[in-house]
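Reviewing the structure listed below.
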Amino acid sequence: MDATGFTRDRDGAGRARNSRPRDALGRPLPYGLPGVPTTPEDVVLSPAEALEEAQRLLDDGRPFHAHEVLEGAWKQAPEPERELWRGLAQLAVGVTHRARGNDTGAARLLRRAADRIAAYAGTAPHDIDAAGVSAWAAALADRLQNGGTGEEPPVRLTR
């Protein structure tokens with residue numbers, strides 16, 4: 001129990017964990033309600049598996065969960081690839097903000113993601129379409145900053 005009287009979920013090592021169910025956009029739901037499946041924090045996927053799973057989640061309208069997969073890949077990536085995976089994770093968070101109605105936050109994160117991913121254009125590993133993904137994120141950020149509305153075409157992470 002912390003100073004506010006709240007008891008946090010903890011794993012076996014004492015690290016804080018949140019076992020509350022979540023909705024499709026990653027928002028916590030009250031205990032006892034059914035949530036959508038989430039990605040375990042300790043999941044280990046190959047880069048190809050992470051890209052495939054993240055794309056599936058993005059296509060299913062679950063960008064928060066795609067972020068969890070991409071964040072896991074970022075944490076496992078070799079140093080030369082880390083910023084690319086970090087940018088992909090930021091892109092998914094930006095899409096999450098957009099889906100939650102926070103266009104200002106979405107535009108900021110999408111811009112950061114676009115800049116980070118663009119650095120890998122022409123050299124991205126794992127068949128990641130760094131130029132295309134960066135352009136998509138920058139275009140969406142521009143549209144959101146200019147008050148644009150409507151649906152955007154889905155992002156494709158790989159060529």
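Labels used: A, B, ... for chains in the order of the structure tokens, numbers from 1 for residues in each chain, and numbers from 1 for ligands as shown.
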
Write out as a PyMOL selection string each polymer residue whose atoms come within 9 Å of A:Pro21, counting only C-alpha atoms; drop sequence neighbours fewer than 5 positions from it. chain A and resi 26-38

Hey, what's within 8 Å of A:Glu53 if we count only C-alpha atoms and toss same-chain stuff fewer than 4 positions away? As a list in words, please? Glu49, Leu57, Ala66 and Val69 of chain A

Those in chain A with alpha helix (DSSP H) from DSSP, as a VMD selection string: chain A and resid 47 to 59 63 to 76 82 to 99 103 to 118 130 to 145

Option closest in space to A:Trp85, from A:Ala124, A:Ala73, A:Val44, A:Leu157 [counting only C-alpha atoms]: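 Smallest distance to A:Trp85 is found for A:Ala73.
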
Spatial neighbours of A:Thr158, 9 Å, only C-alpha atoms, chain gap at least 2 places, as a ChimeraX atom specification: /A:51-52,55,126-130,132-133,156

Could you give me, as a ChimeraX atom specification, the residues within 9 Å of stretch 149-154 of chain A, counting only C-alpha atoms and dropping anything in the same chain fewer than 4 positions from it? /A:58-59,136,140,143-144

Generate the output file for the selected residues, N, CA and C atoms, as a PDB file, in the first residue's frame.
ATOM      1  N   LEU A  58      -2.368  -2.906 -35.526  1.00  0.00           N
ATOM      2  CA  LEU A  58      -2.710  -1.618 -36.140  1.00  0.00           C
ATOM      3  C   LEU A  58      -3.908  -1.776 -37.071  1.00  0.00           C
ATOM      4  N   ASP A  59      -3.897  -2.828 -37.874  1.00  0.00           N
ATOM      5  CA  ASP A  59      -5.000  -3.074 -38.807  1.00  0.00           C
ATOM      6  C   ASP A  59      -6.310  -3.347 -38.076  1.00  0.00           C
ATOM      7  N   TRP A 136       4.227   8.800 -44.117  1.00  0.00           N
ATOM      8  CA  TRP A 136       2.857   8.637 -43.623  1.00  0.00           C
ATOM      9  C   TRP A 136       2.674   9.385 -42.307  1.00  0.00           C
ATOM     10  N   LEU A 140       0.301  12.741 -41.693  1.00  0.00           N
ATOM     11  CA  LEU A 140      -0.781  12.731 -40.713  1.00  0.00           C
ATOM     12  C   LEU A 140      -0.558  13.826 -39.672  1.00  0.00           C
ATOM     13  N   ARG A 143      -1.548  17.110 -41.202  1.00  0.00           N
ATOM     14  CA  ARG A 143      -2.999  17.219 -41.316  1.00  0.00           C
ATOM     15  C   ARG A 143      -3.642  17.517 -39.956  1.00  0.00           C
ATOM     16  N   LEU A 144      -3.171  16.843 -38.910  1.00  0.00           N
ATOM     17  CA  LEU A 144      -3.727  17.078 -37.579  1.00  0.00           C
ATOM     18  C   LEU A 144      -3.392  18.480 -37.074  1.00  0.00           C
TER      19      LEU A 144
END

Top pick for closest residue to A:Ala135, considering A:Ala13, A:Arg111, A:Gly147, A:Ala24 and counting only C-alpha atoms: A:Arg111

To test your reading of the structure, identify every residue in chain A that backbone DSSP assigns to strand (DSSP E or B), and report it as a list in words.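 Selection result, strand (DSSP E or B) within chain A: Asp9, Arg10, Ala16, Arg17, Arg22, Pro28, Ile128 and Thr158 of chain A.
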
Which neighbours of stretch 74-79 of chain A fall inside 10 Å, counting only C-alpha atoms, when residues of the same chain fewer than 3 positions from it are skipped, and could you give them as a VMD selection string? chain A and resid 44 to 47 50 68 to 71 82 to 89

Write the selection just made, keeping N, CA and C atoms, as a PDB file, in the first residue's frame?
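Writing done, so here's part23.pdb:
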ATOM      1  N   VAL A  44       9.020 -12.338 -26.069  1.00  0.00           N
ATOM      2  CA  VAL A  44      10.193 -12.171 -26.920  1.00  0.00           C
ATOM      3  C   VAL A  44       9.805 -12.611 -28.326  1.00  0.00           C
ATOM      4  N   LEU A  45       9.842 -11.676 -29.261  1.00  0.00           N
ATOM      5  CA  LEU A  45       9.508 -11.957 -30.657  1.00  0.00           C
ATOM      6  C   LEU A  45      10.691 -11.615 -31.540  1.00  0.00           C
ATOM      7  N   SER A  46      10.828 -12.328 -32.630  1.00  0.00           N
ATOM      8  CA  SER A  46      11.834 -11.952 -33.615  1.00  0.00           C
ATOM      9  C   SER A  46      11.383 -10.640 -34.255  1.00  0.00           C
ATOM     10  N   PRO A  47      12.273  -9.909 -34.918  1.00  0.00           N
ATOM     11  CA  PRO A  47      11.843  -8.682 -35.596  1.00  0.00           C
ATOM     12  C   PRO A  47      10.694  -8.927 -36.579  1.00  0.00           C
ATOM     13  N   ALA A  50       7.522  -9.476 -34.592  1.00  0.00           N
ATOM     14  CA  ALA A  50       7.070  -8.219 -33.982  1.00  0.00           C
ATOM     15  C   ALA A  50       6.405  -7.330 -35.025  1.00  0.00           C
ATOM     16  N   GLU A  68       2.904  -1.767 -27.558  1.00  0.00           N
ATOM     17  CA  GLU A  68       3.527  -2.686 -26.599  1.00  0.00           C
ATOM     18  C   GLU A  68       4.452  -3.671 -27.306  1.00  0.00           C
ATOM     19  N   VAL A  69       4.019  -4.176 -28.454  1.00  0.00           N
ATOM     20  CA  VAL A  69       4.842  -5.111 -29.228  1.00  0.00           C
ATOM     21  C   VAL A  69       6.099  -4.405 -29.736  1.00  0.00           C
ATOM     22  N   LEU A  70       5.923  -3.206 -30.290  1.00  0.00           N
ATOM     23  CA  LEU A  70       7.059  -2.469 -30.846  1.00  0.00           C
ATOM     24  C   LEU A  70       8.019  -2.001 -29.755  1.00  0.00           C
ATOM     25  N   GLU A  71       7.486  -1.671 -28.587  1.00  0.00           N
ATOM     26  CA  GLU A  71       8.346  -1.296 -27.469  1.00  0.00           C
ATOM     27  C   GLU A  71       9.198  -2.488 -27.027  1.00  0.00           C
ATOM     28  N   ARG A  82      17.994   0.449 -32.588  1.00  0.00           N
ATOM     29  CA  ARG A  82      17.141   0.858 -31.469  1.00  0.00           C
ATOM     30  C   ARG A  82      16.293   2.083 -31.767  1.00  0.00           C
ATOM     31  N   GLU A  83      16.871   3.086 -32.395  1.00  0.00           N
ATOM     32  CA  GLU A  83      16.106   4.311 -32.657  1.00  0.00           C
ATOM     33  C   GLU A  83      15.020   4.087 -33.701  1.00  0.00           C
ATOM     34  N   LEU A  84      15.229   3.172 -34.610  1.00  0.00           N
ATOM     35  CA  LEU A  84      14.183   2.833 -35.579  1.00  0.00           C
ATOM     36  C   LEU A  84      12.990   2.216 -34.851  1.00  0.00           C
ATOM     37  N   TRP A  85      13.252   1.230 -34.003  1.00  0.00           N
ATOM     38  CA  TRP A  85      12.172   0.585 -33.250  1.00  0.00           C
ATOM     39  C   TRP A  85      11.509   1.580 -32.293  1.00  0.00           C
ATOM     40  N   ARG A  86      12.307   2.464 -31.726  1.00  0.00           N
ATOM     41  CA  ARG A  86      11.740   3.496 -30.850  1.00  0.00           C
ATOM     42  C   ARG A  86      10.783   4.385 -31.646  1.00  0.00           C
ATOM     43  N   GLY A  87      11.174   4.755 -32.853  1.00  0.00           N
ATOM     44  CA  GLY A  87      10.305   5.555 -33.712  1.00  0.00           C
ATOM     45  C   GLY A  87       9.022   4.833 -34.078  1.00  0.00           C
ATOM     46  N   LEU A  88       9.128   3.531 -34.361  1.00  0.00           N
ATOM     47  CA  LEU A  88       7.922   2.755 -34.677  1.00  0.00           C
ATOM     48  C   LEU A  88       6.994   2.686 -33.471  1.00  0.00           C
ATOM     49  N   ALA A  89       7.565   2.526 -32.280  1.00  0.00           N
ATOM     50  CA  ALA A  89       6.746   2.512 -31.064  1.00  0.00           C
ATOM     51  C   ALA A  89       6.080   3.875 -30.867  1.00  0.00           C
TER      52      ALA A  89
END

Atomic distance atom CA of A:Tyr120 - atom CA of A:Asp103, expressed in Å with one decimal: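 We find that atom CA of A:Tyr120 and atom CA of A:Asp103 lie 25.8 Å from each other.
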
Between A:His97, A:His65, A:Arg22, A:Arg56, single out the one closest to A:Thr39, counting only C-alpha atoms.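 Comparing A:His97, A:His65, A:Arg22, A:Arg56 against A:Thr39, the winner is A:His65.
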
Atom-to-atom span, atom CA of A:Val93 and atom CA of A:Glu81, Å: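 We find that atom CA of A:Val93 and atom CA of A:Glu81 lie 18.8 Å from each other.
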
What does the distance between atom CA of A:Ala138 and atom CA of A:Val95 come to in Å, to one decimal place?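 Spanning atom CA of A:Ala138 to atom CA of A:Val95 is a straight-line distance of 12.1 Å.
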